[in-house]
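Beneath this line is the structure, given in structure tokens, with notes to follow.
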Amino acid sequence: METIVVRNPATGETLRELAPTPLDQIPAIFERARAAQAKWATVSLRKRANRLKDLREVIINRVDELAELISSENGKPRFEAFTNDLLPSVELLTYFSRRAPKVLRDRNIRITNPILLYRTSYLNHWPLGVVAVISPWNFPFLLPFGEIAMALVAGNAVVFKPSEVTPLIGLKIQELCEEAGVPPDLVQTVIGDGRAGAAIIDQKPAKIFFTGSVGTGKKIMEAASKNLIPVCLELGGKDAMIVTADADLDYATSAALWGSFGNSGQVCASTERLIVHESIAEPFLEKFKEKAEKLRQMPDPAGETDLTVATFDKQKAIYDAHVKQARDKGARFVTGGEFAFERKALKPTVVTGQNIEALDIYNEETFGPVVAVTKFRSASEAVEKANRSRYGLLGSVITGNPSLGEEIAKQLEVGTVTINEVMYTAGIPETPWGGLKESGFGRKHSDMGLMEFVNVRHIHKPRFNGFVFKSWWWFPYTPYQYATFRRLFDLYRRSWFAKLRALPLFLWNFVQFIKTEKRL
Ligand code: NAD
């Protein structure tokens with residue numbers, strides 16, 4: 001396979017040339033991972049959680065070097081390397097090192113059926129085995145790292161494929177794990193493109209944690225279905241922000257600015273559609289344009305800048321097509337729409353117009369510094385417009401009326417709604433992250449996310465040791481046994497009087513059943 005040339009997307013400087021992992025080595029990688037995982041699964045939860053604390057220490061010790069690498073390989077401003085990748089990773093490690101021993105311990109289940117009072121149940125969580133983590137380039141550290149941390153603390157091994165656009169950060173994650181004392185072969189990195197990802201799936205990982213585009217997500221699910229491998233899919237979005245009539249214009253435009261152009265618009269949860277109340281639409285656009293034009297966009301991510309260039313050259317073809325169609329169809333460009341820095345970056349672009357809702361720029365994921373704006377009259381129209389999308393990742397409401405905000409939030413068909421905030425909750429480890437519709441399924445982060453990394457075994461047992469007898473429903477079926485179960489239905493009646501009236505007959509049949517029982 002051809003060498004991967006890793007370049008700084010801003011300067012074009014070659015950072016390193018890497019040979020992809022030969023595909024015929026992937027079976028051996030899985031074999032080593034399976035052996036390492038078998039040992040790791042026997043390590044106590046508390047010790048595994050302590051390893052996350054060591055990992056956190058390693059990251060903090062090397063935070064400047066890591067920010068420099070993230071910024072030069074991905075092209076994002078150094079500040080965003082800190083705030084969008086490294087700080088949330090440290091937060092995740094803090095949370096899961098504390099929570100995992102509590103969330104993953106055995107959990108009792110209360111059984112209320114009166115004829116089962118002598119039995120009890122609990123849930124026992126155990127590792128999945130060797131899982132695959134396949135990642136994109138936009139949050140090249142946070143996304144795989146969070147999944148690797150959750151996988152490890154839950155007792156799994158990971159075969160990890162970073163994006164071919166950001167493989168150096170991928171290799172760095174493995175190095176950090178080794179430095180933190182994670183046992184060898186527990187985290188192994190495969191370098192390569194989609195072919196390497198497909199070869200990983202051929203090795204039947206216990207589960208696939210995929211983050212990337214809808215198109216690739218569908219291919220992964222299809223490949224996984226051949227062996228019924230479970231998948232967790234975190235895919236694209238076309239997130240809507242609803243701005244109500246009573247919203248503070250200064251606050252709303254600042255929120256929309258960061259939601260649309262943070263990480264240079266390369267966020268699955270970017271605000272790509274703005275749905276603004278018609279009574280404030282024009283002043284909103286005026287202020288939004290003024291602020292968008294004040295954003296500093298420099299090619300050098302190490303400098304003082306708000307946006308930088310497109311990380312992945314191919315993504316520009318998508319912006320280009322969306323912008324071109326919008327122009328051809330007469331959309332109104334409030335600002336932007338042109339490329340800068342030898343076409344390395346698209347200027348922050350705000351587009352609107354009568355027919356905006358019919359255009360790709362409004363309906364399809366752009367994944368760049370572009371936002372399409374439309375108007376609404378009533379809250380129900382805003383909800384209908386926001387939900388009219390094949391995606392369902394995040395939504396946001398900017399409003400002066402918190403109860404209206406919540407009313408709207410509860411009608412949005414998405415995984416997360418932020419009220420008077422936007423986009424950032426992937427940085428909160430306590431909260432679940434994930435979408436619905438074509439934005440995928442499964443949840444990351446939070447206790448719910450951790451549960452994606454374990455099998456759940458239900459164990460059902462006698463409540464009291466030594467108290468074992470044949471259950472009421474075993475063979476042979478007798479008339480008194482039948483009558484006992486028939487009378488049992490009456491004990492479920494809503495009225496206490498009816499229950500009490502049924503009780504003597506139930507007990508009488510039950511006693512006869514016990515007296516005459518000759519069970520096999
Ligand atoms: P992509 O789908 O092109 O690639 C993602 C990963 O899949 C890469 O590592 C790639 O090499 C690998 N891959 C490609 N073909 C494969 C195949 N056939 N089998 C296995 N692996 C394969 O996506 P991208 O361009 O890297 O990332 C951008 C996309 O990711 C956007 O759509 C964005 O919305 C989405 N994203 C979603 C989230 C989320 O949390 N929902 C987060 C970040 C990015």
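Residue numbers start at 1 in each chain; chains themselves are named A, B, ... in the order of the structure tokens; ligands are numbered from 1 in the order shown.
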For this session: Could you give me the residues within range 438-508 of chain A that DSSP places in helix (DSSP H, G or I), as a VMD selection string?
Result: chain A and resid 446 to 451 479 to 492 496 to 508
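For ligand 1, the neighbouring protein, DNA and RNA residues, which are those within 6 Å when only C-alpha atoms and all ligand atoms are counted, are Ile134, Ser135, Pro136, Trp137, Lys161, Pro162, Ser163, Glu164, Asp193, Gly194, Gly197, Ala198, Thr211, Gly212, Ser213, Thr216, Lys219, Ile220, Glu234, Leu235, Gly236, Gly237 and Cys268 of chain A.
Close contacts of range 297-309 of chain A, defined as residues with an atom at most 9 Å away when counting only C-alpha atoms, with chain neighbours fewer than 6 positions off set aside, comprise Pro9, Ala10, Thr11, Glu68, Ser71, Ser72, Gly75, Lys76, Pro77, Arg78, Phe79, Glu80, Phe261, Gly262, Asn263, Ser264, Gly265, Ala340, Phe341, Arg343, Lys344, Ala345, Leu346, Lys347, Pro348 and Pro369 of chain A.
For the pair CA of Arg388 in chain A and CA of Asn363 in chain A, the separation is 8.9 Å.
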Exercise. Which neighbours of range 95-103 of chain A fall inside 6 Å, counting only C-alpha atoms, when residues of the same chain fewer than 3 positions from it are skipped, and could you give them as a count of residues only?
Worked result: 4
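One finds CA of Val422 in chain A at 11.9 Å from CA of Leu274 in chain A.
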Problem set entry | Polymer residues at most 6 Å from range 475-483 of chain A, only C-alpha atoms, same-chain spacing of 4 or more positions, as a list in words | Asn509, Phe513, Arg519 and Leu520 of chain A
Can you tell me which residues surround Leu66 in chain A at a distance of at most 10 Å, considering only C-alpha atoms, apart from same-chain residues fewer than 3 positions away, and format the answer as a PDB file with all heavy atoms, in the first residue's frame?
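File selection23.pdb, as written:
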```pdb
ATOM      1  N   ILE A  59      -0.897  12.834  30.309  1.00  0.00           N
ATOM      2  CA  ILE A  59      -1.387  13.883  29.396  1.00  0.00           C
ATOM      3  C   ILE A  59      -1.033  15.259  29.938  1.00  0.00           C
ATOM      4  O   ILE A  59      -0.543  16.127  29.209  1.00  0.00           O
ATOM      5  CB  ILE A  59      -2.925  13.777  29.213  1.00  0.00           C
ATOM      6  CG1 ILE A  59      -3.245  12.519  28.437  1.00  0.00           C
ATOM      7  CG2 ILE A  59      -3.478  15.004  28.495  1.00  0.00           C
ATOM      8  CD1 ILE A  59      -4.721  12.344  28.160  1.00  0.00           C
ATOM      9  N   ILE A  60      -1.257  15.450  31.231  1.00  0.00           N
ATOM     10  CA  ILE A  60      -0.996  16.784  31.807  1.00  0.00           C
ATOM     11  C   ILE A  60       0.501  17.119  31.678  1.00  0.00           C
ATOM     12  O   ILE A  60       0.869  18.231  31.315  1.00  0.00           O
ATOM     13  CB  ILE A  60      -1.475  16.853  33.269  1.00  0.00           C
ATOM     14  CG1 ILE A  60      -3.004  16.672  33.299  1.00  0.00           C
ATOM     15  CG2 ILE A  60      -1.093  18.176  33.923  1.00  0.00           C
ATOM     16  CD1 ILE A  60      -3.593  16.439  34.669  1.00  0.00           C
ATOM     17  N   ASN A  61       1.357  16.104  31.905  1.00  0.00           N
ATOM     18  CA  ASN A  61       2.803  16.355  31.789  1.00  0.00           C
ATOM     19  C   ASN A  61       3.193  16.776  30.378  1.00  0.00           C
ATOM     20  O   ASN A  61       4.147  17.494  30.182  1.00  0.00           O
ATOM     21  CB  ASN A  61       3.592  15.081  32.133  1.00  0.00           C
ATOM     22  CG  ASN A  61       3.507  14.768  33.613  1.00  0.00           C
ATOM     23  OD1 ASN A  61       3.171  15.645  34.406  1.00  0.00           O
ATOM     24  ND2 ASN A  61       3.784  13.521  33.978  1.00  0.00           N
ATOM     25  N   ARG A  62       2.431  16.266  29.377  1.00  0.00           N
ATOM     26  CA  ARG A  62       2.876  16.495  27.990  1.00  0.00           C
ATOM     27  C   ARG A  62       1.894  17.376  27.214  1.00  0.00           C
ATOM     28  O   ARG A  62       1.847  17.322  25.991  1.00  0.00           O
ATOM     29  CB  ARG A  62       3.022  15.124  27.313  1.00  0.00           C
ATOM     30  CG  ARG A  62       4.100  14.294  27.989  1.00  0.00           C
ATOM     31  CD  ARG A  62       4.222  12.907  27.426  1.00  0.00           C
ATOM     32  NE  ARG A  62       4.672  12.902  26.058  1.00  0.00           N
ATOM     33  CZ  ARG A  62       4.955  11.791  25.377  1.00  0.00           C
ATOM     34  NH1 ARG A  62       4.856  10.615  25.961  1.00  0.00           N
ATOM     35  NH2 ARG A  62       5.340  11.842  24.124  1.00  0.00           N
ATOM     36  N   VAL A  63       1.102  18.163  27.962  1.00  0.00           N
ATOM     37  CA  VAL A  63      -0.023  18.843  27.322  1.00  0.00           C
ATOM     38  C   VAL A  63       0.402  19.822  26.220  1.00  0.00           C
ATOM     39  O   VAL A  63      -0.253  19.920  25.174  1.00  0.00           O
ATOM     40  CB  VAL A  63      -0.934  19.488  28.402  1.00  0.00           C
ATOM     41  CG1 VAL A  63      -0.345  20.754  28.974  1.00  0.00           C
ATOM     42  CG2 VAL A  63      -2.319  19.728  27.870  1.00  0.00           C
ATOM     43  N   LEU A  69       1.116  19.080  18.518  1.00  0.00           N
ATOM     44  CA  LEU A  69       0.912  18.035  17.502  1.00  0.00           C
ATOM     45  C   LEU A  69      -0.505  18.099  16.917  1.00  0.00           C
ATOM     46  O   LEU A  69      -0.694  18.036  15.697  1.00  0.00           O
ATOM     47  CB  LEU A  69       1.165  16.648  18.124  1.00  0.00           C
ATOM     48  CG  LEU A  69       0.883  15.460  17.201  1.00  0.00           C
ATOM     49  CD1 LEU A  69       1.823  15.468  15.986  1.00  0.00           C
ATOM     50  CD2 LEU A  69       1.017  14.129  17.936  1.00  0.00           C
ATOM     51  N   ILE A  70      -1.506  18.243  17.792  1.00  0.00           N
ATOM     52  CA  ILE A  70      -2.903  18.280  17.319  1.00  0.00           C
ATOM     53  C   ILE A  70      -3.073  19.464  16.364  1.00  0.00           C
ATOM     54  O   ILE A  70      -3.657  19.354  15.283  1.00  0.00           O
ATOM     55  CB  ILE A  70      -3.886  18.386  18.511  1.00  0.00           C
ATOM     56  CG1 ILE A  70      -3.837  17.126  19.359  1.00  0.00           C
ATOM     57  CG2 ILE A  70      -5.310  18.665  18.034  1.00  0.00           C
ATOM     58  CD1 ILE A  70      -4.532  17.217  20.713  1.00  0.00           C
ATOM     59  N   SER A  71      -2.513  20.577  16.781  1.00  0.00           N
ATOM     60  CA  SER A  71      -2.671  21.791  15.999  1.00  0.00           C
ATOM     61  C   SER A  71      -1.954  21.681  14.652  1.00  0.00           C
ATOM     62  O   SER A  71      -2.482  22.099  13.623  1.00  0.00           O
ATOM     63  CB  SER A  71      -2.124  22.943  16.851  1.00  0.00           C
ATOM     64  OG  SER A  71      -2.261  24.123  16.202  1.00  0.00           O
ATOM     65  N   SER A  72      -0.764  21.090  14.640  1.00  0.00           N
ATOM     66  CA  SER A  72      -0.043  21.051  13.361  1.00  0.00           C
ATOM     67  C   SER A  72      -0.577  19.953  12.443  1.00  0.00           C
ATOM     68  O   SER A  72      -0.604  20.120  11.233  1.00  0.00           O
ATOM     69  CB  SER A  72       1.457  20.892  13.583  1.00  0.00           C
ATOM     70  OG  SER A  72       1.699  19.693  14.255  1.00  0.00           O
ATOM     71  N   ARG A  78      -4.350  26.446  18.301  1.00  0.00           N
ATOM     72  CA  ARG A  78      -3.786  25.807  19.493  1.00  0.00           C
ATOM     73  C   ARG A  78      -4.791  25.846  20.646  1.00  0.00           C
ATOM     74  O   ARG A  78      -4.933  24.892  21.408  1.00  0.00           O
ATOM     75  CB  ARG A  78      -2.499  26.554  19.866  1.00  0.00           C
ATOM     76  CG  ARG A  78      -1.693  25.954  20.975  1.00  0.00           C
ATOM     77  CD  ARG A  78      -0.800  24.837  20.478  1.00  0.00           C
ATOM     78  NE  ARG A  78       0.147  25.300  19.481  1.00  0.00           N
ATOM     79  CZ  ARG A  78       1.342  25.816  19.745  1.00  0.00           C
ATOM     80  NH1 ARG A  78       1.760  25.930  20.981  1.00  0.00           N
ATOM     81  NH2 ARG A  78       2.149  26.179  18.786  1.00  0.00           N
ATOM     82  N   ALA A  81      -7.114  23.056  20.407  1.00  0.00           N
ATOM     83  CA  ALA A  81      -6.505  21.770  20.773  1.00  0.00           C
ATOM     84  C   ALA A  81      -6.642  21.565  22.283  1.00  0.00           C
ATOM     85  O   ALA A  81      -6.933  20.467  22.763  1.00  0.00           O
ATOM     86  CB  ALA A  81      -5.042  21.735  20.350  1.00  0.00           C
ATOM     87  N   PHE A  82      -6.461  22.655  23.032  1.00  0.00           N
ATOM     88  CA  PHE A  82      -6.628  22.567  24.491  1.00  0.00           C
ATOM     89  C   PHE A  82      -8.091  22.341  24.872  1.00  0.00           C
ATOM     90  O   PHE A  82      -8.409  21.424  25.601  1.00  0.00           O
ATOM     91  CB  PHE A  82      -6.164  23.873  25.163  1.00  0.00           C
ATOM     92  CG  PHE A  82      -4.672  23.979  25.331  1.00  0.00           C
ATOM     93  CD1 PHE A  82      -4.002  25.130  24.957  1.00  0.00           C
ATOM     94  CD2 PHE A  82      -3.938  22.943  25.879  1.00  0.00           C
ATOM     95  CE1 PHE A  82      -2.630  25.239  25.112  1.00  0.00           C
ATOM     96  CE2 PHE A  82      -2.569  23.039  26.038  1.00  0.00           C
ATOM     97  CZ  PHE A  82      -1.910  24.191  25.655  1.00  0.00           C
ATOM     98  N   ASP A  85     -10.006  19.190  22.589  1.00  0.00           N
ATOM     99  CA  ASP A  85      -9.477  17.824  22.612  1.00  0.00           C
ATOM    100  C   ASP A  85      -8.896  17.443  23.971  1.00  0.00           C
ATOM    101  O   ASP A  85      -9.264  16.414  24.528  1.00  0.00           O
ATOM    102  CB  ASP A  85      -8.398  17.657  21.522  1.00  0.00           C
ATOM    103  CG  ASP A  85      -9.005  17.468  20.138  1.00  0.00           C
ATOM    104  OD1 ASP A  85      -9.317  16.323  19.796  1.00  0.00           O
ATOM    105  OD2 ASP A  85      -9.202  18.464  19.423  1.00  0.00           O
ATOM    106  N   LEU A  86      -7.996  18.287  24.499  1.00  0.00           N
ATOM    107  CA  LEU A  86      -7.226  17.822  25.657  1.00  0.00           C
ATOM    108  C   LEU A  86      -7.964  17.986  26.987  1.00  0.00           C
ATOM    109  O   LEU A  86      -8.000  17.047  27.788  1.00  0.00           O
ATOM    110  CB  LEU A  86      -5.870  18.545  25.687  1.00  0.00           C
ATOM    111  CG  LEU A  86      -4.989  18.139  24.492  1.00  0.00           C
ATOM    112  CD1 LEU A  86      -3.829  19.100  24.304  1.00  0.00           C
ATOM    113  CD2 LEU A  86      -4.470  16.709  24.679  1.00  0.00           C
ATOM    114  N   PHE A 141      -7.964  13.682  18.763  1.00  0.00           N
ATOM    115  CA  PHE A 141      -7.534  13.178  20.070  1.00  0.00           C
ATOM    116  C   PHE A 141      -8.738  12.763  20.904  1.00  0.00           C
ATOM    117  O   PHE A 141      -8.872  11.616  21.316  1.00  0.00           O
ATOM    118  CB  PHE A 141      -6.706  14.244  20.805  1.00  0.00           C
ATOM    119  CG  PHE A 141      -5.987  13.682  21.997  1.00  0.00           C
ATOM    120  CD1 PHE A 141      -4.710  13.166  21.869  1.00  0.00           C
ATOM    121  CD2 PHE A 141      -6.597  13.620  23.240  1.00  0.00           C
ATOM    122  CE1 PHE A 141      -4.047  12.609  22.960  1.00  0.00           C
ATOM    123  CE2 PHE A 141      -5.949  13.072  24.334  1.00  0.00           C
ATOM    124  CZ  PHE A 141      -4.669  12.567  24.193  1.00  0.00           C
ATOM    125  N   ILE A 169      -1.421  11.606  15.569  1.00  0.00           N
ATOM    126  CA  ILE A 169      -2.093  11.741  16.869  1.00  0.00           C
ATOM    127  C   ILE A 169      -2.515  10.348  17.340  1.00  0.00           C
ATOM    128  O   ILE A 169      -2.445  10.022  18.525  1.00  0.00           O
ATOM    129  CB  ILE A 169      -3.291  12.705  16.757  1.00  0.00           C
ATOM    130  CG1 ILE A 169      -2.781  14.086  16.343  1.00  0.00           C
ATOM    131  CG2 ILE A 169      -4.058  12.793  18.081  1.00  0.00           C
ATOM    132  CD1 ILE A 169      -3.842  15.019  15.816  1.00  0.00           C
ATOM    133  N   LYS A 172       0.368   8.700  18.799  1.00  0.00           N
ATOM    134  CA  LYS A 172       0.698   9.361  20.077  1.00  0.00           C
ATOM    135  C   LYS A 172      -0.195   8.806  21.204  1.00  0.00           C
ATOM    136  O   LYS A 172       0.261   8.601  22.324  1.00  0.00           O
ATOM    137  CB  LYS A 172       0.524  10.879  19.919  1.00  0.00           C
ATOM    138  CG  LYS A 172       0.963  11.707  21.057  1.00  0.00           C
ATOM    139  CD  LYS A 172       2.432  11.587  21.411  1.00  0.00           C
ATOM    140  CE  LYS A 172       3.332  12.292  20.441  1.00  0.00           C
ATOM    141  NZ  LYS A 172       4.760  12.213  20.794  1.00  0.00           N
ATOM    142  N   ILE A 173      -1.455   8.545  20.878  1.00  0.00           N
ATOM    143  CA  ILE A 173      -2.358   8.013  21.914  1.00  0.00           C
ATOM    144  C   ILE A 173      -1.837   6.669  22.417  1.00  0.00           C
ATOM    145  O   ILE A 173      -1.803   6.393  23.616  1.00  0.00           O
ATOM    146  CB  ILE A 173      -3.799   7.900  21.353  1.00  0.00           C
ATOM    147  CG1 ILE A 173      -4.390   9.299  21.166  1.00  0.00           C
ATOM    148  CG2 ILE A 173      -4.687   7.052  22.269  1.00  0.00           C
ATOM    149  CD1 ILE A 173      -5.767   9.336  20.506  1.00  0.00           C
TER     150      ILE A 173
END
```
Exercise. In range 322-511 of chain A, what's strand (DSSP E) per DSSP? Answer as JSON, numbers by chain?
Worked result: {"A": [332, 333, 334, 335, 339, 340, 345, 346, 349, 350, 351, 352, 370, 371, 372, 373, 374, 375, 376, 391, 392, 394, 395, 396, 397, 398, 416, 417, 418, 419, 436, 437, 440, 441, 454, 455, 456, 457, 458, 459, 460, 461, 462]}
Seminar exercise, completed: Counting only C-alpha atoms, the residue among A:Val182, A:Ala28, A:Gln188, A:Ala132 that lies closest to Ala224 in chain A is A:Ala132
For this session: Extract, using only C-alpha atoms, all DNA, RNA and protein residues at most 6 Å from range 415-417 of chain A, discarding same-chain residues fewer than 2 positions from it, and format them as a PyMOL selection string.
Result: chain A and resi 393-396+409+434-435
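A straight line drawn from CA of Val371 in chain A to CA of Val350 in chain A is 5.1 Å long.
You can rank A:Val383, A:Leu15, A:Ala310, A:Ile398 by their closest distance to Phe367 in chain A using only C-alpha atoms, and at the top of that list sits A:Ala310.
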